[in-house]
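Notes for the one structure printed next.
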Amino acid sequence: MLNKVVIFGVGLIGGSFALALKKAGAVREVVGVGRSAASMARALELGIIDSIGVTGEPSLAGALHGADLVLLAAPVAQTAAILASIAPHLAAGTVVTDAGSTKSDVVAAARQALGGKVAQFVPGHPIAGRETNGPDAAIDHLYIGKKVVLTALAENSEADVERVAAAWRACGALIHRLTPEAHDKVFAAVSHLPHLLAYALVDDVANKPHADLLFQYAASGFRDFTRIAGSSPEMWRDISLANQPALLAELDAYMAQLTQLRAHLAAHDGGALERVYSNAQHARHQWITAIEAAEAPQSPDKAG
């Protein structure tokens, strides 16, 4: 059992982590730290955290004292500043992890901010979410059957990596491992690009002169395709910029695909269109089948 966990950012991701650990009986005390006093008070009211840690000296030192695990669940652009603030107070027995959707930039920030203590930082990324934010969005079952990718550093001890993995397993998650570079390329394709596309489509429709009419007739297909555009704009701005090189490469590839589809459509080439649609349908079916099997609760940890 973890004696004390400190969470920076007690919204959907951090709050759900806290609730899941508490439900599993895997933690004795949870301390929350955040920018918004109102949000932290709400998290305390909801029982997500047991106390509020205040940023700045000497309160932050007190919040971190005796902590087994620190989770950074704030927007990725805040990572460097948070790590720099906790570095002077980071005791040898404390392990730090994060929940950021990009990893190469986070690792670089950790190396700069933590210096010789970087071995205590185990980068992570829970693959779970909803389109709601804040403490009220937190749920104790968010991570059940979901993947958490750990991108361990060469400096990490296996015991520290296991501490982070065990905490996520207590939340019901399945542990996978990738390098930071591989992680960012993968998620540029299957997460960051889809979010960019969903935001772009809704923004395009909203800016048309007859937007009200279009939204009036937008049904389940449009809603399902654009659901993720309801996510935090601040968070996805930070993710997009943090993973810019990989995201640009995926965006260029997608634009080439759209150009090809446009050519098929302009040429009235129904056969070519159907082949693309059929290939996509088949690939999606295979993916759904595979992911359902991989996310079964009895699945072992996966190595990548």
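Each chain in the structure tokens gets a letter, A, B and so on, in the order shown; residues start at 1 in every chain, and ligands are counted from 1 in the order they appear.
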
Write down as a VMD selection string the residues of range 154-275 of chain A whose backbone DSSP state falls under strand (DSSP E).
chain A and resid 174 to 177

Keeping only N, CA and C atoms, write those residues as a CSV table (one decimal), in the first residue's frame.
chain,number,residue,atom,x,y,z
A,174,LEU,N,-4.0,-1.8,-17.5
A,174,LEU,CA,-3.1,-2.8,-18.1
A,174,LEU,C,-1.8,-2.0,-18.5
A,175,ILE,N,-0.6,-2.5,-18.1
A,175,ILE,CA,0.6,-1.8,-18.3
A,175,ILE,C,1.3,-2.2,-19.6
A,176,HIS,N,1.6,-1.2,-20.4
A,176,HIS,CA,2.4,-1.4,-21.6
A,176,HIS,C,3.6,-0.6,-21.5
A,177,ARG,N,4.7,-0.9,-22.3
A,177,ARG,CA,5.9,-0.1,-22.3
A,177,ARG,C,6.3,0.2,-23.7

As a ChimeraX atom specification, please: all residues of range 163-296 of chain A that backbone DSSP puts in helix (DSSP H, G or I).
/A:163-170,180-206,211-217,220-230,233-242,244-266,270-294

Please identify all polymer residues within 8 Å of range 232-241 of chain A, counting only C-alpha atoms, omitting same-chain residues fewer than 5 positions from it, and present them as a VMD selection string.
chain A and resid 75 to 77 101 to 102 131 to 133 192 195 to 196 247

So that I can check the surroundings of Leu44 in chain A, please list as a list in words every protein, DNA and RNA residue that reaches within 12 Å of it, counting only C-alpha atoms and ignoring chain neighbours fewer than 2 positions away.
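Counting only C-alpha atoms, the residues come to Val10, Gly11, Gly15, Ala18, Leu19, Val30, Val31, Gly32, Val33, Gly34, Ala37, Ala38, Ser39, Met40, Ala41, Arg42, Leu46, Gly47, Ile48, Ile49, Asp50, Ser51, Ile52, Gly53, Pro135 and Asp136 of chain A.
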
Using N, CA and C atoms, can you write the selected residues to a file as a compact mmCIF listing (two decimals), in the first residue's frame?
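The result, stored in out_14.txt:
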# COMPACT_ATOMS: atom_id res chain seq x y z
N VAL A 10 -6.01 17.84 -10.00
CA VAL A 10 -7.00 16.85 -9.55
C VAL A 10 -8.30 17.02 -10.35
N GLY A 11 -8.16 16.84 -11.68
CA GLY A 11 -9.32 16.87 -12.55
C GLY A 11 -9.73 15.47 -12.92
N GLY A 15 -7.93 13.10 -10.61
CA GLY A 15 -8.99 12.77 -9.65
C GLY A 15 -9.44 11.33 -9.75
N ALA A 18 -6.90 9.12 -8.06
CA ALA A 18 -7.06 9.15 -6.61
C ALA A 18 -8.25 8.30 -6.16
N LEU A 19 -9.39 8.46 -6.82
CA LEU A 19 -10.58 7.70 -6.44
C LEU A 19 -10.38 6.20 -6.63
N VAL A 30 -4.10 11.05 0.25
CA VAL A 30 -3.92 11.71 -1.04
C VAL A 30 -3.92 13.22 -0.83
N VAL A 31 -2.86 13.85 -1.30
CA VAL A 31 -2.74 15.31 -1.23
C VAL A 31 -2.89 15.87 -2.64
N GLY A 32 -3.72 16.88 -2.80
CA GLY A 32 -3.92 17.50 -4.09
C GLY A 32 -3.27 18.87 -4.17
N VAL A 33 -2.67 19.16 -5.32
CA VAL A 33 -2.05 20.46 -5.56
C VAL A 33 -2.56 20.96 -6.90
N GLY A 34 -2.98 22.24 -6.97
CA GLY A 34 -3.49 22.76 -8.23
C GLY A 34 -3.48 24.27 -8.28
N ALA A 37 -7.90 27.39 -6.53
CA ALA A 37 -8.32 27.11 -5.16
C ALA A 37 -9.73 26.52 -5.13
N ALA A 38 -10.60 26.99 -6.03
CA ALA A 38 -11.97 26.49 -6.08
C ALA A 38 -12.00 25.02 -6.47
N SER A 39 -11.20 24.65 -7.46
CA SER A 39 -11.15 23.25 -7.89
C SER A 39 -10.61 22.35 -6.80
N MET A 40 -9.59 22.83 -6.10
CA MET A 40 -9.01 22.01 -5.03
C MET A 40 -10.01 21.86 -3.88
N ALA A 41 -10.74 22.93 -3.58
CA ALA A 41 -11.76 22.84 -2.53
C ALA A 41 -12.85 21.86 -2.93
N ARG A 42 -13.20 21.85 -4.21
CA ARG A 42 -14.23 20.93 -4.70
C ARG A 42 -13.73 19.49 -4.61
N LEU A 46 -15.50 16.54 -2.46
CA LEU A 46 -15.94 15.29 -3.06
C LEU A 46 -15.23 14.06 -2.49
N GLY A 47 -14.24 14.28 -1.65
CA GLY A 47 -13.51 13.17 -1.07
C GLY A 47 -12.46 12.58 -1.99
N ILE A 48 -12.12 13.31 -3.06
CA ILE A 48 -11.10 12.82 -3.98
C ILE A 48 -9.73 12.90 -3.31
N ILE A 49 -9.50 14.00 -2.58
CA ILE A 49 -8.25 14.18 -1.85
C ILE A 49 -8.54 14.33 -0.37
N ASP A 50 -7.50 14.14 0.44
CA ASP A 50 -7.65 14.26 1.89
C ASP A 50 -7.18 15.60 2.42
N SER A 51 -6.31 16.27 1.65
CA SER A 51 -5.83 17.59 2.03
C SER A 51 -5.33 18.31 0.80
N ILE A 52 -5.18 19.62 0.94
CA ILE A 52 -4.73 20.46 -0.17
C ILE A 52 -3.31 20.93 0.10
N GLY A 53 -2.43 20.67 -0.85
CA GLY A 53 -1.06 21.16 -0.75
C GLY A 53 -0.95 22.47 -1.51
N PRO A 135 -12.75 18.33 -11.22
CA PRO A 135 -12.96 17.32 -10.18
C PRO A 135 -14.28 16.57 -10.31
N ASP A 136 -15.32 17.26 -10.75
CA ASP A 136 -16.64 16.61 -10.86
C ASP A 136 -16.67 15.55 -11.94

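Our summary of the geometry notes that CA of Asp252 in chain A is positioned 21.9 Å from CA of Pro180 in chain A.
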
With only C-alpha atoms as the counted atoms, please give the residues lying no more than 12 Å from Ser104 in chain A, apart from itself and same-chain residues fewer than 5 positions off, as a VMD selection string.
chain A and resid 76 109 to 111 123 to 125 151 to 153 178 to 185 187 239 242 to 246

Could you work out how far CA of Ala256 in chain A lies from CA of Gly271 in chain A, giving the answer in Å with one decimal?
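Interatomic distance, CA of Gly271 in chain A to CA of Ala256 in chain A: 19.0 Å.
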
Residue nearest Asp224 in chain A - candidates A:Leu261, A:Glu158, A:Ala63, A:Val202, atoms counted: only C-alpha atoms:
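Among the listed residues, A:Val202 lies closest to Asp224 in chain A.
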
Please list as a short mmCIF file (atom, residue, chain, number, x, y, z; two decimals) with N, CA, C and O atoms, in the first residue's frame every residue within 12 Å of Ala24 in chain A, counting only C-alpha atoms and excluding residues in the same chain fewer than 2 positions away.
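Output file out_18.cif follows:
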data_model
loop_
_atom_site.label_atom_id
_atom_site.label_comp_id
_atom_site.auth_asym_id
_atom_site.auth_seq_id
_atom_site.Cartn_x
_atom_site.Cartn_y
_atom_site.Cartn_z
N MET A 1 0.84 -1.20 0.00
CA MET A 1 0.00 0.00 0.00
C MET A 1 0.87 1.25 0.00
O MET A 1 1.90 1.30 0.67
N LEU A 2 0.44 2.25 -0.75
CA LEU A 2 1.12 3.54 -0.77
C LEU A 2 0.68 4.34 0.45
O LEU A 2 -0.51 4.45 0.74
N PHE A 17 -7.59 8.85 -10.78
CA PHE A 17 -6.49 8.07 -10.22
C PHE A 17 -6.63 7.99 -8.70
O PHE A 17 -6.53 6.91 -8.10
N ALA A 18 -6.90 9.12 -8.06
CA ALA A 18 -7.06 9.15 -6.61
C ALA A 18 -8.25 8.30 -6.16
O ALA A 18 -8.14 7.50 -5.23
N LEU A 19 -9.39 8.46 -6.82
CA LEU A 19 -10.58 7.70 -6.44
C LEU A 19 -10.38 6.20 -6.63
O LEU A 19 -10.83 5.40 -5.80
N ALA A 20 -9.70 5.82 -7.72
CA ALA A 20 -9.47 4.40 -7.97
C ALA A 20 -8.54 3.79 -6.93
O ALA A 20 -8.77 2.67 -6.46
N LEU A 21 -7.48 4.52 -6.56
CA LEU A 21 -6.57 4.03 -5.52
C LEU A 21 -7.31 3.88 -4.19
O LEU A 21 -7.12 2.89 -3.47
N LYS A 22 -8.15 4.85 -3.88
CA LYS A 22 -8.90 4.78 -2.62
C LYS A 22 -9.88 3.61 -2.63
O LYS A 22 -10.01 2.87 -1.63
N ALA A 26 -5.56 1.09 -1.82
CA ALA A 26 -4.13 1.06 -2.16
C ALA A 26 -3.38 2.29 -1.70
O ALA A 26 -2.18 2.42 -1.97
N VAL A 27 -4.05 3.21 -1.00
CA VAL A 27 -3.37 4.43 -0.54
C VAL A 27 -3.99 4.89 0.78
O VAL A 27 -5.20 4.75 0.98
N ARG A 28 -3.15 5.42 1.66
CA ARG A 28 -3.65 5.92 2.94
C ARG A 28 -4.02 7.40 2.88
O ARG A 28 -4.98 7.82 3.51
N ASP A 140 -14.24 6.59 -10.28
CA ASP A 140 -13.31 5.60 -9.72
C ASP A 140 -13.04 4.41 -10.64
O ASP A 140 -12.18 3.59 -10.36
N HIS A 141 -13.76 4.32 -11.77
CA HIS A 141 -13.59 3.18 -12.68
C HIS A 141 -13.06 3.58 -14.05
O HIS A 141 -13.13 2.80 -15.00
N ILE A 144 -10.29 1.03 -15.54
CA ILE A 144 -10.48 -0.42 -15.57
C ILE A 144 -10.40 -0.93 -17.01
O ILE A 144 -11.15 -0.49 -17.89
N ALA A 166 2.41 -0.71 -10.36
CA ALA A 166 1.52 -1.30 -9.36
C ALA A 166 0.38 -0.35 -9.01
O ALA A 166 -0.77 -0.79 -8.78
N ALA A 167 0.68 0.94 -8.93
CA ALA A 167 -0.38 1.91 -8.63
C ALA A 167 -1.43 1.92 -9.73
O ALA A 167 -2.64 1.93 -9.46
N TRP A 168 -0.98 1.89 -10.99
CA TRP A 168 -1.94 1.88 -12.09
C TRP A 168 -2.70 0.55 -12.14
O TRP A 168 -3.91 0.54 -12.45
N ARG A 169 -2.01 -0.54 -11.84
CA ARG A 169 -2.73 -1.83 -11.82
C ARG A 169 -3.81 -1.84 -10.74
O ARG A 169 -4.88 -2.42 -10.93
N ALA A 170 -3.54 -1.18 -9.61
CA ALA A 170 -4.55 -1.09 -8.55
C ALA A 170 -5.78 -0.33 -9.04
O ALA A 170 -6.88 -0.55 -8.54
N CYS A 171 -5.59 0.53 -10.03
CA CYS A 171 -6.72 1.27 -10.63
C CYS A 171 -7.45 0.43 -11.67
O CYS A 171 -8.45 0.90 -12.24
N GLY A 172 -6.93 -0.76 -11.97
CA GLY A 172 -7.55 -1.63 -12.96
C GLY A 172 -6.92 -1.56 -14.33
O GLY A 172 -7.43 -2.16 -15.28
#

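Each of A:Leu258, A:Lys23, A:Ile228, A:Ala108 was checked against Arg130 in chain A using only C-alpha atoms; the smallest atom-to-atom distance is that of A:Ile228.
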
Need the shell around Val70 in chain A: protein/DNA/RNA residues with any atom at most 10 Å away, counting only C-alpha atoms. Skip same-chain ones fewer than 2 positions apart. Format as JSON, numbers by chain?
{"A": [4, 5, 6, 7, 8, 30, 31, 32, 64, 67, 68, 72, 73, 86, 90, 94, 95, 96, 97, 98, 121, 164]}

Find the residue from A:Thr226, A:Gly66, A:Gln257, A:Glu155 that sits nearest to Glu29 in chain A; use only C-alpha atoms when measuring.
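Looking at the shortest contact to Glu29 in chain A, the residue is A:Gly66.
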
Please compute the CA of Ala188 in chain A-CA of Val149 in chain A distance, one decimal, in Å.
14.5 Å

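Shortest separation to Gly14 in chain A among A:Ser85, A:Tyr277, A:Gly100, A:Thr79 occurs at residue A:Gly100, atoms counted being only C-alpha atoms.
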